[in-house]
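A.B. asks: This one is upload_16.txt, compact mmCIF, N, CA and C atoms.
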```txt
# COMPACT_ATOMS: atom_id res chain seq x y z
N MET A 75 35.78 -3.88 -19.05
CA MET A 75 35.36 -4.91 -18.12
C MET A 75 34.94 -6.14 -18.92
N ASP A 76 35.54 -7.28 -18.62
CA ASP A 76 35.14 -8.50 -19.32
C ASP A 76 33.98 -9.17 -18.58
N ALA A 77 33.48 -10.26 -19.12
CA ALA A 77 32.30 -10.92 -18.57
C ALA A 77 32.54 -11.50 -17.18
N VAL A 78 33.75 -11.96 -16.90
CA VAL A 78 34.05 -12.51 -15.58
C VAL A 78 33.99 -11.39 -14.54
N GLU A 79 34.58 -10.23 -14.87
CA GLU A 79 34.54 -9.09 -13.95
C GLU A 79 33.10 -8.61 -13.76
N LEU A 80 32.34 -8.61 -14.85
CA LEU A 80 30.94 -8.20 -14.78
C LEU A 80 30.14 -9.14 -13.88
N ALA A 81 30.35 -10.44 -14.05
CA ALA A 81 29.63 -11.42 -13.22
C ALA A 81 30.00 -11.26 -11.75
N THR A 82 31.27 -10.97 -11.47
CA THR A 82 31.71 -10.76 -10.09
C THR A 82 31.03 -9.54 -9.49
N ALA A 83 30.98 -8.45 -10.25
CA ALA A 83 30.30 -7.24 -9.78
C ALA A 83 28.81 -7.48 -9.61
N PHE A 84 28.25 -8.23 -10.51
CA PHE A 84 26.82 -8.55 -10.48
C PHE A 84 26.46 -9.36 -9.24
N ARG A 85 27.33 -10.24 -8.83
CA ARG A 85 27.09 -11.05 -7.62
C ARG A 85 27.04 -10.17 -6.37
N LYS A 86 27.80 -9.08 -6.37
CA LYS A 86 27.88 -8.21 -5.20
C LYS A 86 26.74 -7.21 -5.11
N ASP A 87 26.16 -6.81 -6.24
CA ASP A 87 25.12 -5.79 -6.24
C ASP A 87 23.74 -6.44 -6.30
N ARG A 88 23.07 -6.52 -5.19
CA ARG A 88 21.77 -7.19 -5.10
C ARG A 88 20.61 -6.26 -5.47
N CYS A 89 20.89 -5.03 -5.86
CA CYS A 89 19.83 -4.09 -6.22
C CYS A 89 19.49 -4.13 -7.70
N ILE A 90 20.31 -4.72 -8.52
CA ILE A 90 20.06 -4.78 -9.96
C ILE A 90 18.86 -5.70 -10.22
N THR A 91 17.89 -5.20 -11.00
CA THR A 91 16.73 -6.02 -11.35
C THR A 91 16.68 -6.31 -12.85
N SER A 92 17.46 -5.56 -13.62
CA SER A 92 17.45 -5.74 -15.07
C SER A 92 18.85 -5.53 -15.62
N LEU A 93 19.20 -6.32 -16.63
CA LEU A 93 20.53 -6.24 -17.22
C LEU A 93 20.41 -6.29 -18.73
N ASP A 94 20.91 -5.25 -19.41
CA ASP A 94 20.88 -5.19 -20.86
C ASP A 94 22.31 -5.23 -21.40
N LEU A 95 22.67 -6.38 -21.95
CA LEU A 95 23.99 -6.54 -22.57
C LEU A 95 23.83 -6.88 -24.04
N SER A 96 22.77 -6.35 -24.64
CA SER A 96 22.55 -6.59 -26.07
C SER A 96 23.66 -5.92 -26.86
N THR A 97 23.70 -6.19 -28.15
CA THR A 97 24.83 -5.72 -28.97
C THR A 97 24.93 -4.22 -29.08
N SER A 98 24.01 -3.49 -28.48
CA SER A 98 24.20 -2.05 -28.43
C SER A 98 25.40 -1.73 -27.55
N CYS A 99 25.76 -2.69 -26.70
CA CYS A 99 26.99 -2.56 -25.91
C CYS A 99 28.18 -2.83 -26.84
N SER A 100 29.35 -2.39 -26.45
CA SER A 100 30.50 -2.47 -27.35
C SER A 100 31.14 -3.86 -27.44
N ARG A 101 30.87 -4.76 -26.49
CA ARG A 101 31.52 -6.07 -26.50
C ARG A 101 30.49 -7.19 -26.52
N ARG A 102 30.90 -8.32 -27.05
CA ARG A 102 30.08 -9.52 -27.00
C ARG A 102 30.66 -10.45 -25.96
N ILE A 103 29.79 -11.05 -25.16
CA ILE A 103 30.31 -11.84 -24.04
C ILE A 103 30.64 -13.27 -24.41
N GLY A 104 30.05 -13.80 -25.49
CA GLY A 104 30.35 -15.16 -25.93
C GLY A 104 29.87 -16.22 -24.95
N PRO A 105 30.14 -17.50 -25.25
CA PRO A 105 29.64 -18.58 -24.39
C PRO A 105 30.25 -18.58 -22.99
N VAL A 106 31.53 -18.27 -22.88
CA VAL A 106 32.18 -18.29 -21.56
C VAL A 106 31.59 -17.20 -20.67
N GLY A 107 31.41 -16.01 -21.21
CA GLY A 107 30.81 -14.93 -20.45
C GLY A 107 29.38 -15.23 -20.06
N CYS A 108 28.66 -15.89 -20.95
CA CYS A 108 27.27 -16.26 -20.67
C CYS A 108 27.22 -17.27 -19.52
N ILE A 109 28.13 -18.21 -19.52
CA ILE A 109 28.19 -19.20 -18.44
C ILE A 109 28.46 -18.50 -17.10
N GLU A 110 29.38 -17.56 -17.09
CA GLU A 110 29.68 -16.79 -15.87
C GLU A 110 28.45 -16.03 -15.38
N LEU A 111 27.76 -15.36 -16.32
CA LEU A 111 26.57 -14.59 -15.94
C LEU A 111 25.44 -15.50 -15.44
N ALA A 112 25.23 -16.61 -16.12
CA ALA A 112 24.19 -17.55 -15.69
C ALA A 112 24.48 -18.06 -14.28
N ASP A 113 25.75 -18.33 -14.02
CA ASP A 113 26.13 -18.79 -12.68
C ASP A 113 25.86 -17.71 -11.64
N ALA A 114 26.18 -16.46 -11.97
CA ALA A 114 25.92 -15.35 -11.05
C ALA A 114 24.41 -15.16 -10.86
N LEU A 115 23.63 -15.36 -11.90
CA LEU A 115 22.18 -15.19 -11.81
C LEU A 115 21.54 -16.18 -10.84
N ARG A 116 22.10 -17.37 -10.75
CA ARG A 116 21.53 -18.37 -9.83
C ARG A 116 21.61 -17.90 -8.39
N GLU A 117 22.56 -17.01 -8.11
CA GLU A 117 22.75 -16.50 -6.75
C GLU A 117 22.07 -15.15 -6.54
N HIS A 118 21.51 -14.57 -7.58
CA HIS A 118 20.97 -13.21 -7.51
C HIS A 118 19.47 -13.25 -7.26
N PRO A 119 19.00 -12.72 -6.13
CA PRO A 119 17.60 -12.83 -5.78
C PRO A 119 16.65 -11.86 -6.48
N ALA A 120 17.16 -10.79 -7.06
CA ALA A 120 16.27 -9.74 -7.54
C ALA A 120 16.15 -9.62 -9.06
N ILE A 121 17.01 -10.26 -9.80
CA ILE A 121 17.02 -10.06 -11.25
C ILE A 121 15.74 -10.59 -11.89
N ALA A 122 15.10 -9.76 -12.70
CA ALA A 122 13.86 -10.14 -13.36
C ALA A 122 14.02 -10.22 -14.88
N SER A 123 14.95 -9.45 -15.43
CA SER A 123 15.07 -9.38 -16.88
C SER A 123 16.53 -9.29 -17.31
N ILE A 124 16.88 -10.06 -18.34
CA ILE A 124 18.23 -9.99 -18.90
C ILE A 124 18.15 -10.08 -20.41
N ASP A 125 18.85 -9.17 -21.07
CA ASP A 125 18.86 -9.09 -22.53
C ASP A 125 20.27 -9.34 -23.03
N LEU A 126 20.45 -10.46 -23.70
CA LEU A 126 21.77 -10.82 -24.23
C LEU A 126 21.72 -10.96 -25.76
N ARG A 127 20.83 -10.25 -26.41
CA ARG A 127 20.72 -10.35 -27.87
C ARG A 127 22.06 -10.06 -28.53
N GLY A 128 22.40 -10.90 -29.50
CA GLY A 128 23.57 -10.67 -30.34
C GLY A 128 24.92 -10.82 -29.66
N ASN A 129 25.04 -11.70 -28.71
CA ASN A 129 26.30 -11.87 -27.99
C ASN A 129 27.06 -13.13 -28.35
N LEU A 130 26.63 -13.83 -29.37
CA LEU A 130 27.30 -15.06 -29.81
C LEU A 130 27.49 -16.05 -28.67
N VAL A 131 26.43 -16.27 -27.91
CA VAL A 131 26.55 -17.19 -26.77
C VAL A 131 26.53 -18.65 -27.19
N LEU A 132 26.04 -18.95 -28.38
CA LEU A 132 26.02 -20.29 -28.95
C LEU A 132 25.24 -21.28 -28.06
N ASP A 133 25.25 -22.54 -28.43
CA ASP A 133 24.52 -23.56 -27.67
C ASP A 133 25.01 -23.67 -26.23
N GLU A 134 26.32 -23.65 -26.06
CA GLU A 134 26.92 -23.81 -24.73
C GLU A 134 26.45 -22.70 -23.78
N GLY A 135 26.49 -21.48 -24.25
CA GLY A 135 26.04 -20.36 -23.42
C GLY A 135 24.55 -20.39 -23.16
N GLY A 136 23.77 -20.72 -24.19
CA GLY A 136 22.32 -20.82 -24.02
C GLY A 136 21.93 -21.88 -23.02
N ARG A 137 22.58 -23.02 -23.11
CA ARG A 137 22.29 -24.14 -22.21
C ARG A 137 22.62 -23.79 -20.75
N SER A 138 23.55 -22.86 -20.54
CA SER A 138 23.93 -22.48 -19.18
C SER A 138 22.77 -21.82 -18.42
N PHE A 139 21.75 -21.37 -19.14
CA PHE A 139 20.61 -20.74 -18.48
C PHE A 139 19.55 -21.74 -18.01
N LEU A 140 19.69 -23.01 -18.36
CA LEU A 140 18.71 -24.00 -17.92
C LEU A 140 18.58 -24.06 -16.39
N PRO A 141 19.68 -24.12 -15.63
CA PRO A 141 19.53 -24.13 -14.16
C PRO A 141 18.88 -22.85 -13.63
N VAL A 142 19.13 -21.72 -14.29
CA VAL A 142 18.52 -20.45 -13.88
C VAL A 142 17.01 -20.52 -14.06
N LEU A 143 16.58 -21.06 -15.18
CA LEU A 143 15.15 -21.15 -15.46
C LEU A 143 14.45 -22.18 -14.58
N LYS A 144 15.20 -23.17 -14.12
CA LYS A 144 14.62 -24.22 -13.28
C LYS A 144 14.69 -23.89 -11.79
N LYS A 145 15.41 -22.83 -11.44
CA LYS A 145 15.59 -22.44 -10.04
C LYS A 145 14.25 -22.14 -9.38
N GLN A 146 14.09 -22.60 -8.16
CA GLN A 146 12.88 -22.29 -7.39
C GLN A 146 13.30 -21.70 -6.06
N PRO A 147 12.73 -20.63 -5.59
CA PRO A 147 11.70 -19.89 -6.30
C PRO A 147 12.30 -19.11 -7.46
N ALA A 148 11.59 -19.08 -8.55
CA ALA A 148 12.06 -18.41 -9.76
C ALA A 148 11.83 -16.90 -9.66
N THR A 149 12.79 -16.14 -10.16
CA THR A 149 12.65 -14.69 -10.16
C THR A 149 12.78 -14.10 -11.56
N LEU A 150 13.47 -14.80 -12.45
CA LEU A 150 13.69 -14.30 -13.81
C LEU A 150 12.40 -14.42 -14.62
N THR A 151 11.92 -13.29 -15.17
CA THR A 151 10.68 -13.30 -15.94
C THR A 151 10.90 -13.09 -17.43
N ASN A 152 12.01 -12.47 -17.81
CA ASN A 152 12.30 -12.20 -19.22
C ASN A 152 13.75 -12.49 -19.54
N LEU A 153 13.97 -13.31 -20.56
CA LEU A 153 15.32 -13.66 -21.00
C LEU A 153 15.34 -13.57 -22.52
N ASP A 154 16.17 -12.68 -23.04
CA ASP A 154 16.25 -12.52 -24.49
C ASP A 154 17.61 -13.00 -24.99
N LEU A 155 17.58 -14.09 -25.73
CA LEU A 155 18.80 -14.68 -26.29
C LEU A 155 18.75 -14.70 -27.82
N ARG A 156 17.98 -13.82 -28.41
CA ARG A 156 17.88 -13.79 -29.87
C ARG A 156 19.23 -13.46 -30.51
N CYS A 157 19.41 -13.91 -31.73
CA CYS A 157 20.61 -13.61 -32.54
C CYS A 157 21.90 -14.08 -31.86
N ASN A 158 21.87 -15.28 -31.33
CA ASN A 158 23.03 -15.83 -30.63
C ASN A 158 23.47 -17.17 -31.19
N HIS A 159 22.97 -17.58 -32.33
CA HIS A 159 23.35 -18.84 -32.96
C HIS A 159 23.13 -20.03 -32.03
N ILE A 160 21.97 -20.02 -31.37
CA ILE A 160 21.59 -21.14 -30.51
C ILE A 160 20.71 -22.06 -31.34
N GLY A 161 21.05 -23.35 -31.37
CA GLY A 161 20.33 -24.32 -32.18
C GLY A 161 18.94 -24.66 -31.65
N GLY A 162 18.11 -25.20 -32.53
CA GLY A 162 16.74 -25.56 -32.20
C GLY A 162 16.58 -26.46 -30.99
N PRO A 163 17.39 -27.53 -30.86
CA PRO A 163 17.24 -28.39 -29.68
C PRO A 163 17.49 -27.65 -28.36
N VAL A 164 18.47 -26.78 -28.32
CA VAL A 164 18.76 -26.02 -27.09
C VAL A 164 17.64 -25.02 -26.84
N LEU A 165 17.16 -24.36 -27.90
CA LEU A 165 16.04 -23.44 -27.74
C LEU A 165 14.81 -24.15 -27.20
N ALA A 166 14.58 -25.37 -27.68
CA ALA A 166 13.43 -26.15 -27.20
C ALA A 166 13.60 -26.47 -25.71
N GLU A 167 14.82 -26.81 -25.28
CA GLU A 167 15.08 -27.08 -23.87
C GLU A 167 14.84 -25.84 -23.02
N LEU A 168 15.32 -24.70 -23.51
CA LEU A 168 15.12 -23.44 -22.80
C LEU A 168 13.63 -23.11 -22.68
N HIS A 169 12.92 -23.29 -23.78
CA HIS A 169 11.50 -22.99 -23.77
C HIS A 169 10.75 -23.90 -22.80
N GLU A 170 11.09 -25.16 -22.81
CA GLU A 170 10.44 -26.12 -21.89
C GLU A 170 10.68 -25.71 -20.44
N ALA A 171 11.91 -25.34 -20.11
CA ALA A 171 12.23 -24.91 -18.75
C ALA A 171 11.49 -23.61 -18.40
N ALA A 172 11.40 -22.70 -19.36
CA ALA A 172 10.70 -21.43 -19.13
C ALA A 172 9.22 -21.66 -18.90
N VAL A 173 8.62 -22.52 -19.69
CA VAL A 173 7.19 -22.81 -19.57
C VAL A 173 6.89 -23.45 -18.22
N THR A 174 7.73 -24.37 -17.79
CA THR A 174 7.46 -25.07 -16.53
C THR A 174 7.79 -24.23 -15.31
N SER A 175 8.50 -23.12 -15.49
CA SER A 175 8.80 -22.25 -14.35
C SER A 175 7.55 -21.50 -13.88
N HIS A 176 6.59 -21.31 -14.75
CA HIS A 176 5.34 -20.60 -14.46
C HIS A 176 5.56 -19.15 -14.05
N VAL A 177 6.78 -18.65 -14.11
CA VAL A 177 7.07 -17.27 -13.78
C VAL A 177 7.51 -16.50 -15.02
N MET A 178 8.18 -17.19 -15.93
CA MET A 178 8.68 -16.55 -17.14
C MET A 178 7.54 -15.98 -17.97
N LYS A 179 7.73 -14.73 -18.42
CA LYS A 179 6.75 -14.08 -19.28
C LYS A 179 7.17 -14.11 -20.74
N SER A 180 8.48 -14.01 -20.98
CA SER A 180 8.95 -14.06 -22.36
C SER A 180 10.34 -14.67 -22.43
N LEU A 181 10.57 -15.36 -23.54
CA LEU A 181 11.86 -15.98 -23.82
C LEU A 181 12.19 -15.69 -25.27
N CYS A 182 13.33 -15.09 -25.52
CA CYS A 182 13.78 -14.77 -26.88
C CYS A 182 12.74 -13.95 -27.63
N GLY A 183 12.09 -13.04 -26.93
CA GLY A 183 11.13 -12.16 -27.56
C GLY A 183 9.76 -12.77 -27.81
N ILE A 184 9.53 -13.99 -27.35
CA ILE A 184 8.23 -14.65 -27.54
C ILE A 184 7.52 -14.67 -26.19
N GLU A 185 6.30 -14.10 -26.19
CA GLU A 185 5.48 -14.13 -24.98
C GLU A 185 5.10 -15.57 -24.67
N LEU A 186 5.25 -15.96 -23.43
CA LEU A 186 4.92 -17.32 -23.02
C LEU A 186 3.46 -17.37 -22.54
N SER A 187 2.58 -17.23 -23.50
CA SER A 187 1.15 -17.24 -23.20
C SER A 187 0.66 -18.68 -23.07
N ILE A 188 -0.60 -18.82 -22.77
CA ILE A 188 -1.22 -20.15 -22.68
C ILE A 188 -1.07 -20.88 -24.01
N VAL A 189 -1.22 -20.17 -25.13
CA VAL A 189 -1.08 -20.79 -26.45
C VAL A 189 0.33 -21.34 -26.62
N SER A 190 1.35 -20.54 -26.28
CA SER A 190 2.74 -20.96 -26.40
C SER A 190 3.02 -22.16 -25.50
N ARG A 191 2.46 -22.17 -24.32
CA ARG A 191 2.70 -23.24 -23.37
C ARG A 191 2.11 -24.57 -23.85
N SER A 192 1.11 -24.51 -24.72
CA SER A 192 0.46 -25.74 -25.17
C SER A 192 1.06 -26.30 -26.46
N LEU A 193 2.04 -25.63 -27.07
CA LEU A 193 2.65 -26.10 -28.31
C LEU A 193 3.58 -27.29 -28.06
N SER A 194 3.74 -28.09 -29.09
CA SER A 194 4.68 -29.21 -29.00
C SER A 194 6.11 -28.67 -28.95
N LYS A 195 7.05 -29.50 -28.50
CA LYS A 195 8.45 -29.07 -28.42
C LYS A 195 8.99 -28.67 -29.78
N SER A 196 8.65 -29.41 -30.83
CA SER A 196 9.17 -29.09 -32.16
C SER A 196 8.61 -27.75 -32.66
N LYS A 197 7.35 -27.48 -32.37
CA LYS A 197 6.74 -26.21 -32.79
C LYS A 197 7.35 -25.05 -32.01
N ARG A 198 7.64 -25.27 -30.72
CA ARG A 198 8.29 -24.24 -29.92
C ARG A 198 9.66 -23.90 -30.50
N ALA A 199 10.43 -24.93 -30.84
CA ALA A 199 11.77 -24.72 -31.40
C ALA A 199 11.67 -23.95 -32.71
N GLU A 200 10.68 -24.26 -33.52
CA GLU A 200 10.48 -23.57 -34.79
C GLU A 200 10.18 -22.08 -34.55
N LEU A 201 9.34 -21.78 -33.59
CA LEU A 201 9.00 -20.40 -33.26
C LEU A 201 10.22 -19.64 -32.75
N LEU A 202 11.01 -20.28 -31.91
CA LEU A 202 12.15 -19.61 -31.30
C LEU A 202 13.26 -19.32 -32.31
N LYS A 203 13.33 -20.05 -33.39
CA LYS A 203 14.37 -19.83 -34.41
C LYS A 203 14.15 -18.52 -35.15
N ARG A 204 12.92 -18.05 -35.18
CA ARG A 204 12.59 -16.83 -35.96
C ARG A 204 13.16 -15.59 -35.36
```
Can the structure from this file be put into structure tokens for me?

C.D. replies:
Amino acid sequence: MDAVELATAFRKDRCITSLDLSTSCSRRIGPVGCIELADALREHPAIASIDLRGNLVLDEGGRSFLPVLKKQPATLTNLDLRCNHIGGPVLAELHEAAVTSHVMKSLCGIELSIVSRSLSKSKRAELLKR
């Protein structure tokens, strides 16, 4: 099953609350697959957590999650995009959107605590690169 087929199935199943597509899975979805999944997530009312570690989503795929993080009412609380070759500026944009959602608990393995929410954009990007 490729990422487009997965996104199509995901749109139909409203009971899924968590999705783990980290590299423990046999395929990497890449930026195109990430874009498809992010688009499906905008329509999914129940998803709370998605793990895409190690999928080579790159900047393009990472940026596709900005509308998901900005969606109101927000439902996504955890998004893990570690090890995806996403650059600092895109990570900073993602973090800013996650912080302003007030629902996100963690992004890329970093807890979005009060301390994290008060950091400058450059410091956030530095933390997310680790």

A.B. asks: Hey, which of A:Ala83, A:Ala114, A:Val177, A:Ala120 ends up closest to Asn152 of chain A? Count only N, CA and C atoms.

C.D. replies: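 Using only N, CA and C atoms, Asn152 of chain A sits closest to A:Val177.
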
A.B. asks: Residues around (31.7, -18.2, -21.2), cut-off 8 Å, counting only N, CA and C atoms - what are they as an NGL selection string?

C.D. replies: :A and (77-78 or 103-111 or 131 or 134-135)

A.B. asks: To test your reading of the structure, identify every residue in chain A that backbone DSSP assigns to strand (DSSP E or B), and report it as a list in words.

C.D. replies: Ser92, Leu93, Asp94, Ser123, Ile124, Asp125, Asn152, Leu153, Asp154, Ser180, Leu181, Ile184 and Glu185 of chain A

A.B. asks: With only C-alpha atoms as the counted atoms, please give the residues lying no more than 12 Å from Leu168 of chain A, apart from itself and same-chain residues fewer than 6 positions off, as JSON, numbers by chain.

C.D. replies: {"A": [133, 134, 135, 136, 137, 138, 139, 140, 141, 142, 143, 144, 153, 154, 155, 160, 161, 162, 174, 175, 178, 180, 181, 182, 186, 195, 198, 199, 202]}

A.B. asks: Name the residues of segment 79-199 of chain A that come out as helix (DSSP H, G or I) in a backbone DSSP run; write them as a PyMOL selection string.

C.D. replies: chain A and resi 79-86+104-116+132-137+140-144+162-175+188-191+195-199
